[in-house]
Amino acid sequence: MSRIAFIGLGHMGGPMAANLIKAGHTLKVFDLVPASVQAAVALGAEAAPNALHAVMEADIVISMLPASQHVDALYLGEGRLVHAIEPGALILECSTISPEVARKVHAAAKARDIAMLDAPVSGGTAGAAAGTLTFILGGEAAALDRARPVLEAMGKNLFHAGAAGAGQVAKIANNMLLAVHMIGTAEALNLGVANGLDPKVLSDIMRVSSGGNWSLEKYNPWPGVMDSVPASRDYEGGFGVDLMLKDLGLAMEAALAAKASTPLGATARSLYALHSGQGKGGLDFSSIQQLLRKSG
Ligand code: NAD
């Protein structure tokens, strides 16, 4: 069993840490929000007064923070966490961030003989709670072998996407596609309903026809078509519009850096920015249906 420092106990990190404790690992945790730390302590974790204390003597450091700037500041900024981590330790950076920042942290870690994987996840808060996340990994294969028992306590599928940063590239490509098929699904449902169709009947038809896709089948954006999805609870919970907007911004940065053409991704980013600007940033991302819905 490993001595793990876990930093960032939010919607995803909280349940991920809980699964590690359940699997018997020793956790020292830190979050800026004391209530999140207390929740982990109640499950058996030790509270650290700050990130530096959390990583002292840890074999494995896991971070699950909101965005690139938080990860950059944590490891390379004022705190220089990378200098407090023991040489020989392993960093699992699970946030969705830019491949560039991931590679910067990889390089700084390597210079101190610390192994690292960029390890963004797919599966949402439900997957985090159930321990069924998909980890999309970038870094050396030897680090993955070492990380496997820890990752398997939090997830079901582990994919090695390639070298440092590759996990982030695969994750943001996936989320760009998710945004595009969610918008396409919302648009098709709006077209049908505006022309008098029942959204459930139309969904059943498209599901077994060539329009079938994950957003339609597993996460239908029209309220009432499926039970237990955010659309049927006023778009509460799930994966937030602003998190999707962040990931689309990362996709656009990566596209620019590689001169890759992503016209639908760019349109998706604009539509999510418009939706967020209308005060919908905290709703689930399937609420884009509200933007694409004939009123009246
Ligand atoms: P969140 O905002 O709920 O949690 C982030 C946590 O990090 C917060 O508790 C915050 O207090 C803490 N934090 C921020 N800066 C810190 C610092 N310097 N030190 C310690 N703690 C700090 O976000 P989340 O929903 O848990 O998402 C985390 C990451 O996972 C994001 O990059 C997101 O894109 C990605 N992700 C989220 C989902 C989802 O469904 N929510 C799914 C897949 C991936």
# chains A, B, ... in the order shown; residues from 1 in each chain; ligands from 1
>>> closest_atom_pairs(of="chain A", to="ligand 1", cutoff="7 Å", atoms="only C-alpha atoms and all ligand atoms", output="CSV")
residue,atom,partner,partner_atom_place_in_ligand_line,distance
A:Ile7,CA,ligand 1,20 (C),5.2
A:Gly8,CA,ligand 1,7 (O),3.8
A:Leu9,CA,ligand 1,9 (O),4.7
A:Gly10,CA,ligand 1,4 (O),3.3
A:His11,CA,ligand 1,26 (O),3.8
A:Met12,CA,ligand 1,26 (O),3.7
A:Gly13,CA,ligand 1,26 (O),5.3
A:Phe30,CA,ligand 1,20 (C),5.6
A:Asp31,CA,ligand 1,21 (N),3.6
A:Leu32,CA,ligand 1,11 (O),4.6
A:Val33,CA,ligand 1,11 (O),5.0
A:Ser36,CA,ligand 1,9 (O),6.7
A:Ala51,CA,ligand 1,19 (N),6.4
A:Met64,CA,ligand 1,28 (C),5.1
A:Leu65,CA,ligand 1,7 (O),4.1
A:Pro66,CA,ligand 1,31 (C),4.1
A:Ala67,CA,ligand 1,32 (O),4.9
A:His70,CA,ligand 1,15 (N),5.5
A:Leu74,CA,ligand 1,18 (N),5.5
A:Cys94,CA,ligand 1,30 (O),6.7
A:Ser95,CA,ligand 1,32 (O),3.8
A:Thr96,CA,ligand 1,32 (O),3.8
A:Ile97,CA,ligand 1,32 (O),6.2
A:Pro120,CA,ligand 1,44 (C),6.5
A:Val121,CA,ligand 1,43 (C),5.2
A:Ser122,CA,ligand 1,43 (C),4.9
A:Gly123,CA,ligand 1,42 (C),6.1
A:Gly124,CA,ligand 1,40 (O),3.6
A:Thr125,CA,ligand 1,40 (O),4.9
A:Gly238,CA,ligand 1,40 (O),5.7
A:Phe239,CA,ligand 1,40 (O),4.2
A:Gly240,CA,ligand 1,41 (N),6.9
A:Leu243,CA,ligand 1,34 (O),5.4
A:Asp247,CA,ligand 1,34 (O),6.8
>>> select_by_dssp(residues="segment 30-92 of chain A", states="strand (DSSP E)", output="list in words")
Phe30, Glu46, Ala47, Ile60, Val61, Ile62, Ser63, Leu90, Ile91 and Leu92 of chain A
>>> closest_atom_pairs(of="segment 34-56 of chain A", to="segment 79-88 of chain A", cutoff="8 Å", atoms="only C-alpha atoms", output="CSV")
residue,atom,partner,partner_atom,distance
A:Ala51,CA,A:Leu81,CA,7.5
A:Leu52,CA,A:Leu81,CA,6.2
A:Val55,CA,A:Ile85,CA,5.8
A:Met56,CA,A:Ile85,CA,6.2
>>> select_by_dssp(residues="segment 53-281 of chain A", states="helix (DSSP H, G or I)", output="number ranges by chain")
A: 53-55, 68-76, 81-84, 99-111, 124-130, 141-151, 166-194, 199-207, 214-218, 230-233, 241-258, 263-280
>>> write_last_selection(atoms="C-alpha atoms", output="compact mmCIF listing (two decimals), in the first residue's frame")
# COMPACT_ATOMS: atom_id res chain seq x y z
CA HIS A 53 3.25 19.15 4.30
CA ALA A 54 1.00 16.80 2.36
CA VAL A 55 3.76 15.70 -0.05
CA SER A 68 -3.84 24.76 -15.90
CA GLN A 69 -3.07 27.87 -13.84
CA HIS A 70 -3.76 26.03 -10.56
CA VAL A 71 -1.49 23.13 -11.53
CA ASP A 72 1.26 25.46 -12.77
CA ALA A 73 1.08 27.52 -9.55
CA LEU A 74 1.03 24.44 -7.32
CA TYR A 75 4.02 22.59 -8.77
CA LEU A 76 6.11 25.36 -10.32
CA LEU A 81 6.01 21.81 -4.71
CA VAL A 82 8.17 19.90 -7.14
CA HIS A 83 11.13 20.74 -4.86
CA ALA A 84 9.39 19.36 -1.77
CA PRO A 99 -0.62 19.62 -22.70
CA GLU A 100 1.98 22.40 -22.53
CA VAL A 101 1.63 22.90 -18.75
CA ALA A 102 1.60 19.12 -18.27
CA ARG A 103 4.89 18.85 -20.18
CA LYS A 104 6.40 21.69 -18.11
CA VAL A 105 5.58 19.86 -14.87
CA HIS A 106 6.90 16.59 -16.37
CA ALA A 107 10.22 18.28 -17.20
CA ALA A 108 10.59 19.87 -13.75
CA ALA A 109 9.76 16.55 -12.08
CA LYS A 110 12.19 14.61 -14.27
CA ALA A 111 14.98 17.05 -13.40
CA GLY A 124 -17.64 12.31 -14.41
CA THR A 125 -18.63 12.53 -10.78
CA ALA A 126 -20.64 9.29 -10.99
CA GLY A 127 -17.55 7.43 -12.26
CA ALA A 128 -15.42 9.03 -9.54
CA ALA A 129 -17.84 7.87 -6.85
CA ALA A 130 -18.21 4.36 -8.29
CA ALA A 141 5.35 3.02 -19.50
CA ALA A 142 7.42 2.22 -16.38
CA ALA A 143 5.55 4.93 -14.46
CA LEU A 144 2.25 3.42 -15.57
CA ASP A 145 3.25 -0.02 -14.26
CA ARG A 146 4.00 1.60 -10.92
CA ALA A 147 0.78 3.63 -10.86
CA ARG A 148 -1.51 0.78 -11.89
CA PRO A 149 -2.59 -0.48 -8.42
CA VAL A 150 -3.41 3.07 -7.30
CA LEU A 151 -5.25 3.98 -10.51
CA ALA A 166 -0.38 12.85 -24.63
CA GLY A 167 -3.01 12.04 -21.98
CA GLN A 168 -4.14 15.67 -22.05
CA VAL A 169 -4.20 15.81 -25.85
CA ALA A 170 -6.43 12.69 -25.99
CA LYS A 171 -8.69 14.01 -23.24
CA ILE A 172 -9.30 17.39 -24.87
CA ALA A 173 -9.83 15.79 -28.30
CA ASN A 174 -12.46 13.55 -26.70
CA ASN A 175 -14.19 16.46 -24.95
CA MET A 176 -14.23 18.53 -28.14
CA LEU A 177 -16.02 15.63 -29.86
CA LEU A 178 -18.40 15.33 -26.90
CA ALA A 179 -19.34 19.02 -27.20
CA VAL A 180 -19.87 18.69 -30.94
CA HIS A 181 -22.17 15.65 -30.70
CA MET A 182 -24.05 17.15 -27.76
CA ILE A 183 -24.74 20.32 -29.77
CA GLY A 184 -25.65 18.27 -32.87
CA THR A 185 -28.05 16.16 -30.81
CA ALA A 186 -29.67 19.24 -29.25
CA GLU A 187 -30.01 20.81 -32.69
CA ALA A 188 -31.64 17.69 -34.21
CA LEU A 189 -34.07 17.36 -31.29
CA ASN A 190 -35.00 21.02 -31.61
CA LEU A 191 -35.59 20.60 -35.35
CA GLY A 192 -37.89 17.63 -34.77
CA VAL A 193 -39.85 19.13 -31.88
CA ALA A 194 -40.24 22.49 -33.66
CA PRO A 199 -38.73 14.26 -28.47
CA LYS A 200 -38.86 10.72 -27.02
CA VAL A 201 -40.15 9.19 -30.27
CA LEU A 202 -37.53 11.10 -32.27
CA SER A 203 -34.79 9.99 -29.84
CA ASP A 204 -35.88 6.34 -30.18
CA ILE A 205 -35.75 6.63 -33.98
CA MET A 206 -32.33 8.32 -34.11
CA ARG A 207 -30.89 5.97 -31.48
CA TRP A 214 -23.47 8.90 -26.80
CA SER A 215 -25.17 12.26 -26.07
CA LEU A 216 -28.44 11.02 -27.55
CA GLU A 217 -28.34 7.53 -26.05
CA LYS A 218 -26.76 8.02 -22.64
CA PRO A 230 -29.17 16.22 -15.72
CA ALA A 231 -31.75 17.29 -18.38
CA SER A 232 -34.46 15.69 -16.26
CA ARG A 233 -33.44 17.55 -13.09
CA VAL A 241 -20.92 24.37 -18.90
CA ASP A 242 -17.89 26.33 -17.67
CA LEU A 243 -15.76 23.17 -17.38
CA MET A 244 -16.73 22.25 -20.96
CA LEU A 245 -15.91 25.80 -22.04
CA LYS A 246 -12.49 25.47 -20.38
CA ASP A 247 -11.82 22.18 -22.20
CA LEU A 248 -12.88 23.67 -25.54
CA GLY A 249 -10.48 26.56 -24.87
CA LEU A 250 -7.70 23.99 -24.30
CA ALA A 251 -8.67 22.25 -27.57
CA MET A 252 -8.45 25.56 -29.45
CA GLU A 253 -5.01 26.31 -27.93
CA ALA A 254 -3.77 22.85 -28.92
CA ALA A 255 -5.24 23.28 -32.42
CA LEU A 256 -3.46 26.61 -32.84
CA ALA A 257 -0.16 25.22 -31.58
CA ALA A 258 -0.29 22.37 -34.14
CA PRO A 263 -14.01 24.35 -37.36
CA LEU A 264 -16.71 22.48 -35.43
CA GLY A 265 -14.70 22.71 -32.20
CA ALA A 266 -14.40 26.48 -32.72
CA THR A 267 -18.16 26.77 -33.25
CA ALA A 268 -18.82 24.62 -30.18
CA ARG A 269 -16.57 26.89 -28.12
CA SER A 270 -18.47 29.99 -29.31
CA LEU A 271 -21.85 28.43 -28.52
CA TYR A 272 -20.75 27.36 -25.02
CA ALA A 273 -19.28 30.86 -24.41
CA LEU A 274 -22.61 32.41 -25.46
CA HIS A 275 -24.53 30.01 -23.20
CA SER A 276 -22.21 30.68 -20.26
CA GLY A 277 -22.51 34.44 -20.88
CA GLN A 278 -26.26 34.09 -20.45
CA GLY A 279 -25.68 32.96 -16.87
CA LYS A 280 -25.72 29.20 -17.55
>>> atom_distance(atom1="atom CA of Pro221 of chain A", atom2="atom CA of Met16 of chain A")
26.9 Å
>>> atom_distance(atom1="atom CA of Asp198 of chain A", atom2="atom CA of Tyr219 of chain A")
17.3 Å
>>> decode(residues="segment 140-184 of chain A", atoms="N, CA and C atoms", output="CSV table (one decimal), in the first residue's frame")
chain,number,residue,atom,x,y,z
A,140,GLU,N,5.9,7.8,-19.2
A,140,GLU,CA,6.7,6.6,-19.5
A,140,GLU,C,5.9,5.4,-19.0
A,141,ALA,N,6.1,4.3,-19.8
A,141,ALA,CA,5.4,3.0,-19.5
A,141,ALA,C,5.7,2.5,-18.1
A,142,ALA,N,7.0,2.7,-17.7
A,142,ALA,CA,7.4,2.2,-16.4
A,142,ALA,C,6.6,2.9,-15.3
A,143,ALA,N,6.3,4.2,-15.5
A,143,ALA,CA,5.5,4.9,-14.5
A,143,ALA,C,4.1,4.4,-14.4
A,144,LEU,N,3.6,4.0,-15.5
A,144,LEU,CA,2.2,3.4,-15.6
A,144,LEU,C,2.2,2.1,-14.8
A,145,ASP,N,3.2,1.3,-15.0
A,145,ASP,CA,3.3,0.0,-14.3
A,145,ASP,C,3.2,0.2,-12.8
A,146,ARG,N,3.9,1.3,-12.3
A,146,ARG,CA,4.0,1.6,-10.9
A,146,ARG,C,2.7,2.2,-10.4
A,147,ALA,N,2.0,2.9,-11.3
A,147,ALA,CA,0.8,3.6,-10.9
A,147,ALA,C,-0.4,2.7,-10.9
A,148,ARG,N,-0.3,1.6,-11.6
A,148,ARG,CA,-1.5,0.8,-11.9
A,148,ARG,C,-2.4,0.4,-10.7
A,149,PRO,N,-1.7,-0.1,-9.6
A,149,PRO,CA,-2.6,-0.5,-8.4
A,149,PRO,C,-3.4,0.7,-7.8
A,150,VAL,N,-2.7,1.9,-7.9
A,150,VAL,CA,-3.4,3.1,-7.3
A,150,VAL,C,-4.5,3.5,-8.2
A,151,LEU,N,-4.2,3.6,-9.5
A,151,LEU,CA,-5.2,4.0,-10.5
A,151,LEU,C,-6.4,3.0,-10.5
A,152,GLU,N,-6.1,1.7,-10.3
A,152,GLU,CA,-7.2,0.7,-10.4
A,152,GLU,C,-8.1,0.8,-9.2
A,153,ALA,N,-7.7,1.5,-8.1
A,153,ALA,CA,-8.6,1.7,-7.0
A,153,ALA,C,-9.6,2.8,-7.3
A,154,MET,N,-9.3,3.6,-8.4
A,154,MET,CA,-10.2,4.7,-8.7
A,154,MET,C,-10.9,4.6,-10.0
A,155,GLY,N,-10.4,3.7,-10.9
A,155,GLY,CA,-10.9,3.6,-12.2
A,155,GLY,C,-10.9,2.2,-12.8
A,156,LYS,N,-11.6,2.0,-13.9
A,156,LYS,CA,-11.7,0.7,-14.5
A,156,LYS,C,-10.9,0.5,-15.8
A,157,ASN,N,-10.7,1.6,-16.5
A,157,ASN,CA,-10.0,1.6,-17.8
A,157,ASN,C,-8.8,2.5,-17.7
A,158,LEU,N,-7.6,1.9,-18.1
A,158,LEU,CA,-6.4,2.7,-18.2
A,158,LEU,C,-5.9,2.7,-19.6
A,159,PHE,N,-5.7,3.9,-20.2
A,159,PHE,CA,-5.2,3.9,-21.6
A,159,PHE,C,-3.9,4.7,-21.6
A,160,HIS,N,-2.9,4.1,-22.1
A,160,HIS,CA,-1.6,4.8,-22.3
A,160,HIS,C,-1.6,5.5,-23.7
A,161,ALA,N,-1.8,6.9,-23.6
A,161,ALA,CA,-2.0,7.6,-24.9
A,161,ALA,C,-0.7,7.9,-25.6
A,162,GLY,N,0.4,7.9,-24.8
A,162,GLY,CA,1.7,8.2,-25.4
A,162,GLY,C,2.6,8.9,-24.4
A,163,ALA,N,3.5,9.7,-24.9
A,163,ALA,CA,4.6,10.4,-24.1
A,163,ALA,C,3.9,11.5,-23.2
A,164,ALA,N,4.8,12.2,-22.5
A,164,ALA,CA,4.3,13.3,-21.6
A,164,ALA,C,3.4,14.3,-22.4
A,165,GLY,N,2.2,14.6,-21.8
A,165,GLY,CA,1.2,15.5,-22.4
A,165,GLY,C,0.2,14.8,-23.3
A,166,ALA,N,0.5,13.5,-23.7
A,166,ALA,CA,-0.4,12.8,-24.6
A,166,ALA,C,-1.7,12.5,-24.0
A,167,GLY,N,-1.7,12.3,-22.7
A,167,GLY,CA,-3.0,12.0,-22.0
A,167,GLY,C,-3.9,13.3,-22.1
A,168,GLN,N,-3.3,14.4,-22.0
A,168,GLN,CA,-4.1,15.7,-22.0
A,168,GLN,C,-4.6,15.9,-23.5
A,169,VAL,N,-3.8,15.6,-24.5
A,169,VAL,CA,-4.2,15.8,-25.8
A,169,VAL,C,-5.4,14.9,-26.1
A,170,ALA,N,-5.3,13.6,-25.7
A,170,ALA,CA,-6.4,12.7,-26.0
A,170,ALA,C,-7.7,13.1,-25.3
A,171,LYS,N,-7.5,13.6,-24.0
A,171,LYS,CA,-8.7,14.0,-23.2
A,171,LYS,C,-9.4,15.2,-23.9
A,172,ILE,N,-8.6,16.2,-24.3
A,172,ILE,CA,-9.3,17.4,-24.9
A,172,ILE,C,-9.9,17.1,-26.3
A,173,ALA,N,-9.2,16.2,-27.0
A,173,ALA,CA,-9.8,15.8,-28.3
A,173,ALA,C,-11.2,15.1,-28.0
A,174,ASN,N,-11.2,14.2,-27.0
A,174,ASN,CA,-12.5,13.5,-26.7
A,174,ASN,C,-13.5,14.6,-26.3
A,175,ASN,N,-13.2,15.5,-25.4
A,175,ASN,CA,-14.2,16.5,-25.0
A,175,ASN,C,-14.7,17.4,-26.0
A,176,MET,N,-13.8,17.7,-27.0
A,176,MET,CA,-14.2,18.5,-28.1
A,176,MET,C,-15.3,17.7,-28.9
A,177,LEU,N,-15.0,16.5,-29.1
A,177,LEU,CA,-16.0,15.6,-29.9
A,177,LEU,C,-17.3,15.5,-29.1
A,178,LEU,N,-17.2,15.4,-27.8
A,178,LEU,CA,-18.4,15.3,-26.9
A,178,LEU,C,-19.2,16.6,-27.1
A,179,ALA,N,-18.6,17.8,-27.0
A,179,ALA,CA,-19.3,19.0,-27.2
A,179,ALA,C,-20.0,19.1,-28.6
A,180,VAL,N,-19.3,18.6,-29.6
A,180,VAL,CA,-19.9,18.7,-30.9
A,180,VAL,C,-21.1,17.8,-31.1
A,181,HIS,N,-21.0,16.5,-30.5
A,181,HIS,CA,-22.2,15.6,-30.7
A,181,HIS,C,-23.3,16.0,-29.7
A,182,MET,N,-23.0,16.7,-28.6
A,182,MET,CA,-24.1,17.2,-27.8
A,182,MET,C,-24.8,18.3,-28.5
A,183,ILE,N,-24.1,19.2,-29.1
A,183,ILE,CA,-24.7,20.3,-29.8
A,183,ILE,C,-25.5,19.8,-31.0
A,184,GLY,N,-24.9,18.9,-31.7
A,184,GLY,CA,-25.6,18.3,-32.9
A,184,GLY,C,-26.9,17.6,-32.4
